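Shown here: target.tsv, TSV, C-alpha atoms.
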chain	number	residue	atom	x	y	z
A	25	MET	CA	111.94	71.21	133.26
A	26	LYS	CA	113.61	69.70	130.24
A	27	PRO	CA	115.58	71.34	127.47
A	28	ILE	CA	113.80	71.21	124.13
A	29	SER	CA	116.41	68.76	122.82
A	30	ALA	CA	115.11	66.20	125.31
A	31	ILE	CA	111.46	66.37	124.19
A	32	LEU	CA	111.50	67.27	120.49
A	33	ARG	CA	111.49	63.75	119.06
A	34	PRO	CA	108.45	62.47	120.96
A	35	CYS	CA	106.67	65.79	120.78
A	36	PHE	CA	106.63	66.61	117.10
A	37	GLY	CA	105.16	64.87	114.05
A	38	LEU	CA	101.58	63.70	114.30
A	39	VAL	CA	101.44	64.37	118.04
A	40	LEU	CA	102.01	68.08	117.58
A	41	MET	CA	99.53	68.24	114.73
A	42	SER	CA	96.71	66.91	116.93
A	43	VAL	CA	96.51	69.69	119.53
A	44	LEU	CA	94.00	69.13	122.30
A	45	LEU	CA	91.93	72.13	123.21
A	46	LEU	CA	91.30	72.17	126.95
A	47	PRO	CA	87.88	73.49	127.95
A	48	GLN	CA	88.08	76.84	129.70
A	49	VAL	CA	84.42	77.58	130.36
A	50	GLY	CA	83.95	81.14	131.50
A	51	LYS	CA	87.65	81.85	131.65
A	52	ALA	CA	89.58	84.70	130.06
A	53	VAL	CA	92.74	82.77	129.19
A	54	GLU	CA	92.41	79.99	126.62
A	55	VAL	CA	94.85	77.10	126.98
A	56	GLU	CA	95.81	74.48	124.40
A	57	THR	CA	98.28	71.68	124.98
A	58	ALA	CA	100.37	69.26	122.95
A	59	ASP	CA	102.47	66.92	125.09
A	60	ASP	CA	104.73	69.18	127.20
A	61	ILE	CA	103.94	72.32	125.21
A	62	GLN	CA	101.17	74.74	126.06
A	63	PHE	CA	99.68	77.60	124.08
A	64	TYR	CA	97.92	80.47	125.86
A	65	THR	CA	95.64	83.04	124.25
A	66	LEU	CA	94.96	86.29	126.09
A	67	LYS	CA	92.05	88.45	124.88
A	68	ASN	CA	90.83	91.83	126.03
A	69	ALA	CA	87.59	93.82	125.74
A	70	ASN	CA	88.79	95.53	122.54
A	71	GLY	CA	89.37	92.33	120.57
A	72	MET	CA	93.16	92.44	120.92
A	73	THR	CA	94.71	88.99	121.31
A	74	VAL	CA	98.16	87.75	122.33
A	75	ARG	CA	99.23	84.12	121.83
A	76	ILE	CA	102.05	82.76	123.98
A	77	THR	CA	103.72	79.36	124.35
A	78	ASN	CA	105.69	77.86	127.22
A	79	TYR	CA	108.37	76.78	124.72
A	80	GLY	CA	110.90	79.59	125.09
A	81	ALA	CA	108.24	81.84	126.71
A	82	ILE	CA	107.58	82.95	123.12
A	83	ILE	CA	105.01	85.55	122.10
A	84	MET	CA	103.70	83.89	118.94
A	85	SER	CA	101.27	86.58	117.81
A	86	ILE	CA	99.93	90.01	118.71
A	87	VAL	CA	96.71	90.99	116.93
A	88	VAL	CA	95.79	94.69	117.16
A	89	PRO	CA	93.60	97.11	115.17
A	90	ASP	CA	94.71	99.82	112.77
A	91	ARG	CA	93.15	103.29	112.68
A	92	GLU	CA	90.18	101.91	110.69
A	93	GLY	CA	89.62	99.05	113.11
A	94	ASN	CA	91.12	96.41	110.84
A	95	MET	CA	92.90	93.70	112.85
A	96	ALA	CA	96.34	92.32	111.95
A	97	ASP	CA	99.06	90.24	113.57
A	98	ILE	CA	102.08	92.52	113.97
A	99	ALA	CA	104.54	90.01	115.53
A	100	LEU	CA	106.83	87.93	113.34
A	101	GLY	CA	106.79	84.21	114.03
A	102	TYR	CA	105.16	80.87	113.29
A	103	ASN	CA	102.04	78.83	114.00
A	104	ASP	CA	103.87	75.71	115.20
A	105	ILE	CA	106.86	74.93	117.41
A	106	ALA	CA	108.71	72.89	114.78
A	107	SER	CA	109.11	76.02	112.66
A	108	TYR	CA	110.76	77.85	115.56
A	109	THR	CA	113.23	75.03	116.20
A	110	ASN	CA	114.03	74.51	112.50
A	111	ALA	CA	114.39	78.18	111.50
A	112	VAL	CA	117.72	78.97	109.86
A	113	ASP	CA	119.96	81.37	111.81
A	114	LYS	CA	117.69	81.00	114.89
A	115	PRO	CA	116.30	84.57	114.94
A	116	TYR	CA	114.77	84.29	118.46
A	117	PHE	CA	111.33	85.35	117.19
A	118	GLY	CA	109.22	86.38	120.19
A	119	ALA	CA	111.32	84.58	122.81
A	120	VAL	CA	112.54	85.48	126.28
A	121	VAL	CA	116.32	85.25	126.03
A	122	GLY	CA	118.62	84.50	128.95
A	123	ARG	CA	120.25	83.76	131.32
A	124	TYR	CA	122.07	86.72	129.76
A	125	GLY	CA	120.40	88.49	126.85
A	126	ASN	CA	122.82	90.05	124.35
A	127	ARG	CA	126.57	89.40	124.14
A	128	ILE	CA	129.31	88.54	126.61
A	129	ALA	CA	132.81	89.11	125.21
A	130	LYS	CA	134.67	85.91	124.35
A	131	GLY	CA	132.24	83.97	126.50
A	132	LYS	CA	134.08	84.75	129.72
A	133	PHE	CA	133.46	86.68	132.92
A	134	THR	CA	134.78	86.67	136.48
A	135	ILE	CA	132.92	86.80	139.79
A	136	ASP	CA	134.82	86.85	143.11
A	137	ASP	CA	138.08	85.96	141.33
A	138	GLN	CA	136.56	82.88	139.70
A	139	GLU	CA	136.44	82.81	135.91
A	140	TYR	CA	133.48	81.26	134.12
A	141	SER	CA	133.42	80.13	130.48
A	142	LEU	CA	130.37	80.09	128.23
A	143	ALA	CA	129.63	78.60	124.84
A	144	ILE	CA	130.89	80.68	121.89
A	145	ASN	CA	127.70	80.62	119.81
A	146	ASN	CA	128.23	84.01	118.14
A	147	PRO	CA	131.99	83.90	117.43
A	148	PRO	CA	134.01	85.14	119.14
A	149	ASN	CA	131.34	85.86	121.78
A	150	SER	CA	128.49	84.27	123.69
A	151	LEU	CA	125.00	85.43	122.75
A	152	HIS	CA	121.57	85.22	124.43
A	153	GLY	CA	122.43	82.58	127.01
A	154	GLY	CA	124.28	80.02	124.90
A	155	ILE	CA	123.47	76.92	122.85
A	156	ILE	CA	120.31	76.08	124.81
A	157	GLY	CA	119.26	79.39	126.27
A	158	PHE	CA	115.94	80.21	127.86
A	159	ASP	CA	114.44	80.51	124.36
A	160	LYS	CA	114.88	76.74	123.79
A	161	VAL	CA	113.54	75.22	127.02
A	162	ILE	CA	110.10	74.29	128.29
A	163	TRP	CA	108.83	76.64	131.00
A	164	ASN	CA	106.14	75.76	133.55
A	165	GLY	CA	102.96	77.74	133.03
A	166	SER	CA	100.04	78.93	135.13
A	167	VAL	CA	97.17	81.28	134.34
A	168	ASP	CA	95.44	84.00	136.32
A	169	ASP	CA	92.05	84.61	134.76
A	170	GLU	CA	91.22	87.51	137.08
A	171	THR	CA	94.17	89.56	135.80
A	172	ASN	CA	94.19	88.06	132.28
A	173	ALA	CA	97.75	86.83	132.70
A	174	VAL	CA	99.99	83.83	132.24
A	175	THR	CA	103.12	83.23	134.34
A	176	LEU	CA	105.93	81.06	133.01
A	177	SER	CA	108.66	79.82	135.33
A	178	TYR	CA	111.96	78.03	134.83
A	179	LEU	CA	114.78	76.73	137.02
A	180	ALA	CA	118.19	77.15	135.37
A	181	LYS	CA	120.48	74.83	137.28
A	182	ASP	CA	123.94	75.64	138.58
A	183	GLY	CA	126.38	75.20	135.71
A	184	GLU	CA	123.75	75.26	132.96
A	185	GLU	CA	125.41	76.77	129.87
A	186	GLY	CA	128.39	77.59	132.12
A	187	TYR	CA	126.57	80.03	134.42
A	188	PRO	CA	126.87	79.76	138.21
A	189	GLY	CA	123.94	79.34	140.59
A	190	ASN	CA	120.52	77.75	140.59
A	191	LEU	CA	118.42	80.53	139.10
A	192	ASN	CA	114.66	80.47	139.73
A	193	CYS	CA	113.06	82.84	137.25
A	194	SER	CA	109.63	83.73	135.95
A	195	VAL	CA	108.05	85.97	133.37
A	196	THR	CA	104.42	87.11	133.58
A	197	TYR	CA	102.53	88.36	130.54
A	198	ARG	CA	99.41	90.37	131.33
A	199	LEU	CA	97.04	91.86	128.73
A	200	THR	CA	95.07	94.92	129.82
A	201	ASP	CA	91.99	96.58	128.36
A	202	GLU	CA	94.23	99.54	127.51
A	203	ASN	CA	95.82	97.33	124.81
A	204	ALA	CA	99.01	96.95	126.83
A	205	ILE	CA	101.12	93.84	127.34
A	206	GLU	CA	102.69	94.11	130.78
A	207	ILE	CA	105.78	91.92	131.23
A	208	ASP	CA	107.17	91.26	134.70
A	209	TYR	CA	110.45	89.39	135.23
A	210	LEU	CA	111.43	87.92	138.61
A	211	ALA	CA	114.45	85.82	139.62
A	212	THR	CA	116.41	84.63	142.63
A	213	THR	CA	119.66	82.68	142.87
A	214	ASP	CA	121.68	80.70	145.42
A	215	LYS	CA	125.02	81.87	143.98
A	216	ALA	CA	126.15	85.19	142.48
A	217	THR	CA	125.38	85.14	138.77
A	218	PRO	CA	124.84	87.53	135.86
A	219	ILE	CA	121.28	87.89	134.64
A	220	ASN	CA	119.82	90.02	131.86
A	221	LEU	CA	116.42	88.86	130.66
A	222	THR	CA	114.72	90.49	127.70
A	223	GLN	CA	111.88	89.97	125.25
A	224	HIS	CA	112.86	89.42	121.61
A	225	THR	CA	109.66	90.02	119.64
A	226	TYR	CA	110.12	91.32	116.09
A	227	PHE	CA	107.43	93.87	115.23
A	228	ASN	CA	106.07	95.08	111.92
A	229	LEU	CA	103.19	97.45	112.58
A	230	LYS	CA	101.94	97.05	109.00
A	231	GLY	CA	101.46	93.35	109.74
A	232	GLU	CA	103.89	90.45	109.84
A	233	GLY	CA	105.24	89.69	106.37
A	234	GLU	CA	104.12	93.08	105.00
A	235	GLY	CA	107.47	94.29	103.69
A	236	THR	CA	110.13	96.32	105.45
A	237	ILE	CA	109.90	98.47	108.58
A	238	LEU	CA	112.05	101.29	107.16
A	239	GLY	CA	109.09	103.70	106.95
A	240	HIS	CA	108.17	103.26	110.61
A	241	GLU	CA	108.86	106.43	112.58
A	242	LEU	CA	110.90	105.73	115.72
A	243	MET	CA	111.64	107.82	118.79
A	244	ILE	CA	114.13	106.52	121.39
A	245	ASN	CA	114.24	108.35	124.70
A	246	ALA	CA	118.04	108.35	124.89
A	247	ARG	CA	120.72	110.94	124.36
A	248	ARG	CA	123.55	108.40	124.54
A	249	PHE	CA	124.35	104.95	123.24
A	250	THR	CA	127.04	102.29	123.67
A	251	PRO	CA	129.16	101.98	120.51
A	252	VAL	CA	130.67	98.59	119.72
A	253	ASP	CA	133.75	97.04	118.16
A	254	GLU	CA	133.58	94.95	115.00
A	255	THR	CA	132.40	91.92	117.04
A	256	LEU	CA	129.50	93.98	118.49
A	257	ILE	CA	130.97	94.18	122.00
A	258	PRO	CA	130.64	97.64	123.64
A	259	THR	CA	133.78	99.73	123.83
A	260	GLY	CA	132.78	100.95	127.30
A	261	LYS	CA	132.12	104.50	126.12
A	262	THR	CA	128.72	106.21	126.07
A	263	PRO	CA	128.94	109.08	123.56
A	264	ALA	CA	126.10	111.42	122.68
A	265	VAL	CA	123.86	110.50	119.75
A	266	GLN	CA	123.53	114.12	118.65
A	267	GLY	CA	124.83	114.65	115.13
A	268	THR	CA	124.97	110.91	114.37
A	269	PRO	CA	122.62	108.43	112.64
A	270	PHE	CA	121.85	107.14	116.15
A	271	ASP	CA	119.91	110.25	117.12
A	272	PHE	CA	116.27	109.20	117.53
A	273	THR	CA	115.49	111.78	120.22
A	274	THR	CA	113.02	113.21	117.72
A	275	ALA	CA	110.98	110.67	115.78
A	276	LYS	CA	112.26	109.86	112.29
A	277	PRO	CA	111.84	107.02	109.77
A	278	ILE	CA	114.02	104.05	110.65
A	279	GLY	CA	115.40	104.04	107.11
A	280	ARG	CA	116.35	107.73	106.94
A	281	ASP	CA	119.99	107.35	108.04
A	282	ILE	CA	120.47	103.61	107.90
A	283	ALA	CA	122.66	103.75	104.79
A	284	ALA	CA	124.86	106.59	106.07
A	285	GLU	CA	128.63	106.27	106.00
A	286	ASN	CA	129.22	105.33	109.62
A	287	GLU	CA	131.54	102.79	111.21
A	288	GLN	CA	128.96	101.73	113.79
A	289	LEU	CA	126.33	101.05	111.13
A	290	LYS	CA	128.92	99.05	109.22
A	291	PHE	CA	129.75	96.94	112.26
A	292	GLY	CA	126.08	96.20	112.93
A	293	GLY	CA	124.93	95.86	109.34
A	294	GLY	CA	122.51	98.62	110.31
A	295	TYR	CA	121.09	99.34	113.75
A	296	ASP	CA	121.94	96.64	116.30
A	297	HIS	CA	123.00	98.70	119.30
A	298	ASN	CA	122.15	99.53	122.90
A	299	TRP	CA	120.82	102.99	123.80
A	300	VAL	CA	121.37	104.48	127.29
A	301	LEU	CA	117.86	105.47	128.31
A	302	ASP	CA	117.17	108.85	129.90
A	303	LYS	CA	116.03	107.73	133.35
A	304	GLY	CA	116.17	110.99	135.28
A	305	GLY	CA	118.70	109.51	137.68
A	306	GLN	CA	116.16	107.11	139.21
A	307	THR	CA	117.32	103.50	139.09
A	308	GLY	CA	114.41	101.16	138.39
A	309	GLU	CA	111.96	103.94	137.53
A	310	MET	CA	109.34	103.10	134.91
A	311	THR	CA	109.95	105.48	132.00
A	312	LEU	CA	109.11	105.73	128.33
A	313	ALA	CA	111.86	104.08	126.30
A	314	ALA	CA	110.58	104.34	122.71
A	315	THR	CA	107.61	105.14	120.51
A	316	VAL	CA	107.03	103.74	117.03
A	317	TYR	CA	104.41	105.04	114.56
A	318	GLU	CA	103.48	103.38	111.26
A	319	PRO	CA	101.95	106.04	108.97
A	320	LYS	CA	99.94	103.79	106.62
A	321	THR	CA	98.02	101.91	109.31
A	322	GLY	CA	98.22	104.50	112.08
A	323	ARG	CA	99.39	101.86	114.56
A	324	VAL	CA	101.51	103.07	117.46
A	325	LEU	CA	103.72	101.07	119.84
A	326	GLU	CA	104.95	102.62	123.09
A	327	VAL	CA	107.62	100.81	125.11
A	328	SER	CA	108.11	101.64	128.78
A	329	THR	CA	110.54	99.93	131.13
A	330	THR	CA	112.38	99.96	134.43
A	331	GLU	CA	115.54	98.83	132.62
A	332	PRO	CA	118.44	101.24	131.91
A	333	GLY	CA	119.01	100.22	128.28
A	334	LEU	CA	117.25	99.44	125.01
A	335	GLN	CA	118.66	97.33	122.20
A	336	PHE	CA	117.21	98.48	118.88
A	337	TYR	CA	117.66	95.88	116.15
A	338	CYS	CA	116.10	96.34	112.73
A	339	GLY	CA	116.18	92.86	111.19
A	340	ASN	CA	119.55	93.20	109.47
A	341	PHE	CA	119.99	89.43	109.24
A	342	LEU	CA	116.57	88.66	107.82
A	343	ASP	CA	117.02	87.80	104.14
A	344	GLY	CA	113.78	86.30	102.84
A	345	ARG	CA	114.62	82.66	103.58
A	346	LEU	CA	112.15	82.50	106.49
A	347	THR	CA	108.43	82.26	105.73
A	348	GLY	CA	106.08	83.30	108.49
A	349	LYS	CA	102.53	82.62	109.64
A	350	SER	CA	100.81	84.18	106.64
A	351	GLY	CA	103.02	82.37	104.11
A	352	LYS	CA	104.95	85.54	103.29
A	353	SER	CA	108.73	85.81	103.36
A	354	TYR	CA	110.40	87.84	106.08
A	355	VAL	CA	112.49	90.17	103.96
A	356	HIS	CA	115.64	92.07	104.89
A	357	ARG	CA	114.63	94.54	107.62
A	358	GLY	CA	111.14	93.11	107.70
A	359	GLY	CA	110.88	93.49	111.49
A	360	PHE	CA	112.39	95.43	114.37
A	361	CYS	CA	113.13	94.56	118.01
A	362	LEU	CA	113.11	96.88	121.01
A	363	GLU	CA	114.79	94.78	123.70
A	364	THR	CA	114.67	96.41	127.13
A	365	GLN	CA	117.77	95.36	129.04
A	366	HIS	CA	120.94	96.09	130.95
A	367	TYR	CA	123.87	96.83	128.67
A	368	PRO	CA	125.70	94.15	126.65
A	369	ASP	CA	128.83	92.62	128.21
A	370	SER	CA	128.15	94.30	131.55
A	371	PRO	CA	129.94	91.55	133.57
A	372	ASN	CA	133.16	92.68	131.86
A	373	GLN	CA	132.42	96.43	131.90
A	374	PRO	CA	132.96	97.95	135.37
A	375	ASN	CA	131.53	101.32	134.28
A	376	PHE	CA	128.18	99.80	133.26
A	377	PRO	CA	125.30	99.15	135.68
A	378	SER	CA	125.84	95.79	137.36
A	379	THR	CA	123.99	92.68	136.18
A	380	ILE	CA	125.21	90.45	139.03
A	381	LEU	CA	122.37	88.98	141.08
A	382	LYS	CA	123.41	87.81	144.55
A	383	PRO	CA	121.74	85.38	146.96
A	384	ASP	CA	119.08	87.03	149.13
A	385	ASP	CA	118.54	89.68	146.45
A	386	GLU	CA	115.72	89.65	143.90
A	387	TYR	CA	115.87	90.45	140.21
A	388	ALA	CA	112.67	92.32	139.35
A	389	THR	CA	112.13	94.30	136.15
A	390	LYS	CA	109.08	95.39	134.17
A	391	THR	CA	108.43	96.30	130.54
A	392	ILE	CA	105.19	97.40	128.89
A	393	PHE	CA	104.29	97.21	125.20
A	394	LYS	CA	101.27	99.46	124.66
A	395	PHE	CA	99.41	99.71	121.36
A	396	SER	CA	97.18	102.47	120.03
A	397	THR	CA	96.44	104.34	116.79
A	398	ARG	CA	96.53	107.84	115.46

File written out as structure tokens:
Amino acid sequence: MKPISAILRPCFGLVLMSVLLLPQVGKAVEVETADDIQFYTLKNANGMTVRITNYGAIIMSIVVPDREGNMADIALGYNDIASYTNAVDKPYFGAVVGRYGNRIAKGKFTIDDQEYSLAINNPPNSLHGGIIGFDKVIWNGSVDDETNAVTLSYLAKDGEEGYPGNLNCSVTYRLTDENAIEIDYLATTDKATPINLTQHTYFNLKGEGEGTILGHELMINARRFTPVDETLIPTGKTPAVQGTPFDFTTAKPIGRDIAAENEQLKFGGGYDHNWVLDKGGQTGEMTLAATVYEPKTGRVLEVSTTEPGLQFYCGNFLDGRLTGKSGKSYVHRGGFCLETQHYPDSPNQPNFPSTILKPDDEYATKTIFKFSTR
């Protein structure tokens, strides 16, 4: 599997514009291809569709109904790969990020007394796997029509972006007739290595490009969070959210407290923090992480996960320069992310749950995005 930098020049231009539709007679998963890049469309019995590409394992679109049955695409992104690669500030729309999602302080960590150095792509830290993370490579794809799923796999070689170990990983997207996207991550390694895969879709339940998400009502199933320093690296503490703008234990509009005088909001430019999910003491248990309700359309998103943390990011760095699929600008706070994960900088935080995967062990996590209306 080649990094995107190795295939962009021959792939784009007129070649990309002339996409070949492969016949899929009687099959649930539609597949299109353009050179090394594939596009998969999952459909269910309710008319919901999810479009995915093997470039970056990106979810390109999620089309779901509102309370009146009107369909809309609620995932920010683009119709073509060139727009993803050329986007200013590289917002990671819809991608799987890794080998380590989120930040690692100063791009350094130590395993068994050996220090490893990563690219500093979010000064002074390393972010989302480095310069060419999992969001910028071509994954191998296969479909399972019986379960309405696509599995994307990638081998990250020993030393890639500074990480140790040959890491075999896969992500499976499955669309159910309950309007749920089930996401299963698997990985093995031949050398101890940190791993923290997550899905980076930006949602706007009004529809992509339909203004801000500040009126969305959010509940996060967490009584604690991990505050950060001014470089967005966790301090190592896990204080209670009660009495702070970070209390989403009861649903409230995302914009209610976002302008409050608060050092953490200042550091993040708004919400860009990890919440410590209430897991009931069961490691790896599937639990509800968050619920989002959009009052105008009635759309609801429920996020469940086996992961211990949830990064809530509310599009603080969107500024209107990016134009999405519908030709509308993605304004400041025009989308939100709910990234299920282990905590940021865990390789350097001994009090956080470990993210070190060892040989003969298996990394296996699951997240579900379920859509409904009320």

message: So, with all atoms listed in the file as the atoms that count, which of A:Asn340, A:Ser85, A:Asn172, A:Thr315 lies closest to A:Phe117?
response: A:Ser85

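Put simply, atom CA of A:Gln288 is 16.4 Å away from atom CA of A:Leu334.
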
Find the axis-aligned box for stretch 132-140 of chain A, covering all its listed atoms and adding 6 Å on each side, and write its centre and edge lengths in Å to one decimal as lines of an AutoDock Vina configuration file.
center_x = 135.5
center_y = 84.1
center_z = 136.4
size_x = 17.2
size_y = 17.6
size_z = 25.4

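Atom pair atom CA of A:Gly333 / atom CA of A:Ala96: separated by 29.0 Å.
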
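Of the residues listed (A:Thr171, A:Asn145, A:Thr321, A:Thr65), A:Asn145 shows the shortest atom-to-atom separation from A:Gly157; distances use all atoms listed in the file.
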
Quick one: residues within 10 Å of A:Thr222, only C-alpha atoms, excluding same-chain residues fewer than 6 positions away - as a PDB file with C-alpha atoms, in the frame of the given file?
ATOM      1  CA  ALA A 119     111.320  84.580 122.810  1.00  0.00           C
ATOM      2  CA  VAL A 120     112.540  85.480 126.280  1.00  0.00           C
ATOM      3  CA  VAL A 121     116.320  85.250 126.030  1.00  0.00           C
ATOM      4  CA  GLY A 122     118.620  84.500 128.950  1.00  0.00           C
ATOM      5  CA  ARG A 123     120.250  83.760 131.320  1.00  0.00           C
ATOM      6  CA  TYR A 124     122.070  86.720 129.760  1.00  0.00           C
ATOM      7  CA  GLY A 125     120.400  88.490 126.850  1.00  0.00           C
ATOM      8  CA  ASN A 126     122.820  90.050 124.350  1.00  0.00           C
ATOM      9  CA  HIS A 152     121.570  85.220 124.430  1.00  0.00           C
ATOM     10  CA  VAL A 195     108.050  85.970 133.370  1.00  0.00           C
ATOM     11  CA  ILE A 207     105.780  91.920 131.230  1.00  0.00           C
ATOM     12  CA  TYR A 209     110.450  89.390 135.230  1.00  0.00           C
ATOM     13  CA  GLU A 331     115.540  98.830 132.620  1.00  0.00           C
ATOM     14  CA  LEU A 334     117.250  99.440 125.010  1.00  0.00           C
ATOM     15  CA  GLN A 335     118.660  97.330 122.200  1.00  0.00           C
ATOM     16  CA  LEU A 362     113.110  96.880 121.010  1.00  0.00           C
ATOM     17  CA  GLU A 363     114.790  94.780 123.700  1.00  0.00           C
ATOM     18  CA  THR A 364     114.670  96.410 127.130  1.00  0.00           C
ATOM     19  CA  GLN A 365     117.770  95.360 129.040  1.00  0.00           C
ATOM     20  CA  HIS A 366     120.940  96.090 130.950  1.00  0.00           C
ATOM     21  CA  THR A 389     112.130  94.300 136.150  1.00  0.00           C
ATOM     22  CA  LYS A 390     109.080  95.390 134.170  1.00  0.00           C
ATOM     23  CA  THR A 391     108.430  96.300 130.540  1.00  0.00           C
TER      24      THR A 391
END

query: Quick one: residues within 9 Å of A:Cys361, all atoms listed in the file counted, chain neighbours fewer than 2 positions away excluded, as a PyMOL selection string?
result: chain A and resi 223-227+335-339+359+363

Just write the chosen residues, C-alpha atoms, as an mmCIF file, in the frame of the given file.
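The new file selection.cif reads:
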data_model
loop_
_atom_site.group_PDB
_atom_site.id
_atom_site.type_symbol
_atom_site.label_atom_id
_atom_site.label_comp_id
_atom_site.auth_asym_id
_atom_site.auth_seq_id
_atom_site.Cartn_x
_atom_site.Cartn_y
_atom_site.Cartn_z
ATOM 1 C CA GLN A 223 111.880 89.970 125.250
ATOM 2 C CA HIS A 224 112.860 89.420 121.610
ATOM 3 C CA THR A 225 109.660 90.020 119.640
ATOM 4 C CA TYR A 226 110.120 91.320 116.090
ATOM 5 C CA PHE A 227 107.430 93.870 115.230
ATOM 6 C CA GLN A 335 118.660 97.330 122.200
ATOM 7 C CA PHE A 336 117.210 98.480 118.880
ATOM 8 C CA TYR A 337 117.660 95.880 116.150
ATOM 9 C CA CYS A 338 116.100 96.340 112.730
ATOM 10 C CA GLY A 339 116.180 92.860 111.190
ATOM 11 C CA GLY A 359 110.880 93.490 111.490
ATOM 12 C CA GLU A 363 114.790 94.780 123.700
#

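Ranking A:Ala204, A:Leu238, A:Val55, A:Ala111 by their shortest atom-to-atom distance to A:Met72, with all atoms listed in the file included, puts A:Ala204 first.
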
message: What's around A:Ser328 at 10 Å? Count all atoms listed in the file, leave out sequence neighbours fewer than 4 positions away in its own chain, and write the answer as a ChimeraX atom specification.
response: /A:206,245,309-315,364,390-394

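Applying the 12 Å criterion to (127.2, 79.5, 142.0) in file coordinates and using only C-alpha atoms, one obtains the residues Thr134, Ile135, Asp136, Gln138, Glu139, Tyr140, Ala180, Lys181, Asp182, Gly183, Glu184, Gly186, Tyr187, Pro188, Gly189, Asn190, Leu191, Thr212, Thr213, Asp214, Lys215, Ala216, Thr217, Pro218, Ile380, Leu381, Lys382 and Pro383 of chain A.
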
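Among the candidate residues A:Ile205, A:Asn286, A:Arg357, A:Val252, the one lying nearest to A:Val327 is A:Ile205, with distances computed using all atoms listed in the file.
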
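Shortest atom-to-atom contact with A:Asn110 among A:Lys160, A:Pro319, A:Ala58, A:Val265: A:Lys160, counting all atoms listed in the file.
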
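For the residues A:Ser353, A:Thr397, A:Thr57, A:Ser107, ranking by smallest atom-to-atom distance to A:Glu234 using all atoms listed in the file places A:Ser353 first.
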
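The neighbours of A:Ile257 here are the residues that come within 8 Å of it, using all atoms listed in the file and leaving out any residue fewer than 6 positions away in the same chain; they are A:Arg127, A:Ile128, A:Ala129, A:Pro368, A:Asp369.
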
Take the residues from that selection and write them out as a compact mmCIF listing (two decimals), keeping the file's coordinate frame, keeping C-alpha atoms.
# COMPACT_ATOMS: atom_id res chain seq x y z
CA ARG A 127 126.57 89.40 124.14
CA ILE A 128 129.31 88.54 126.61
CA ALA A 129 132.81 89.11 125.21
CA PRO A 368 125.70 94.15 126.65
CA ASP A 369 128.83 92.62 128.21

query: If you count only C-alpha atoms, which residues fall within 12 Å of A:Ala69, apart from same-chain ones fewer than 5 positions away, as a ChimeraX atom specification?
result: /A:52,88,172,199-204
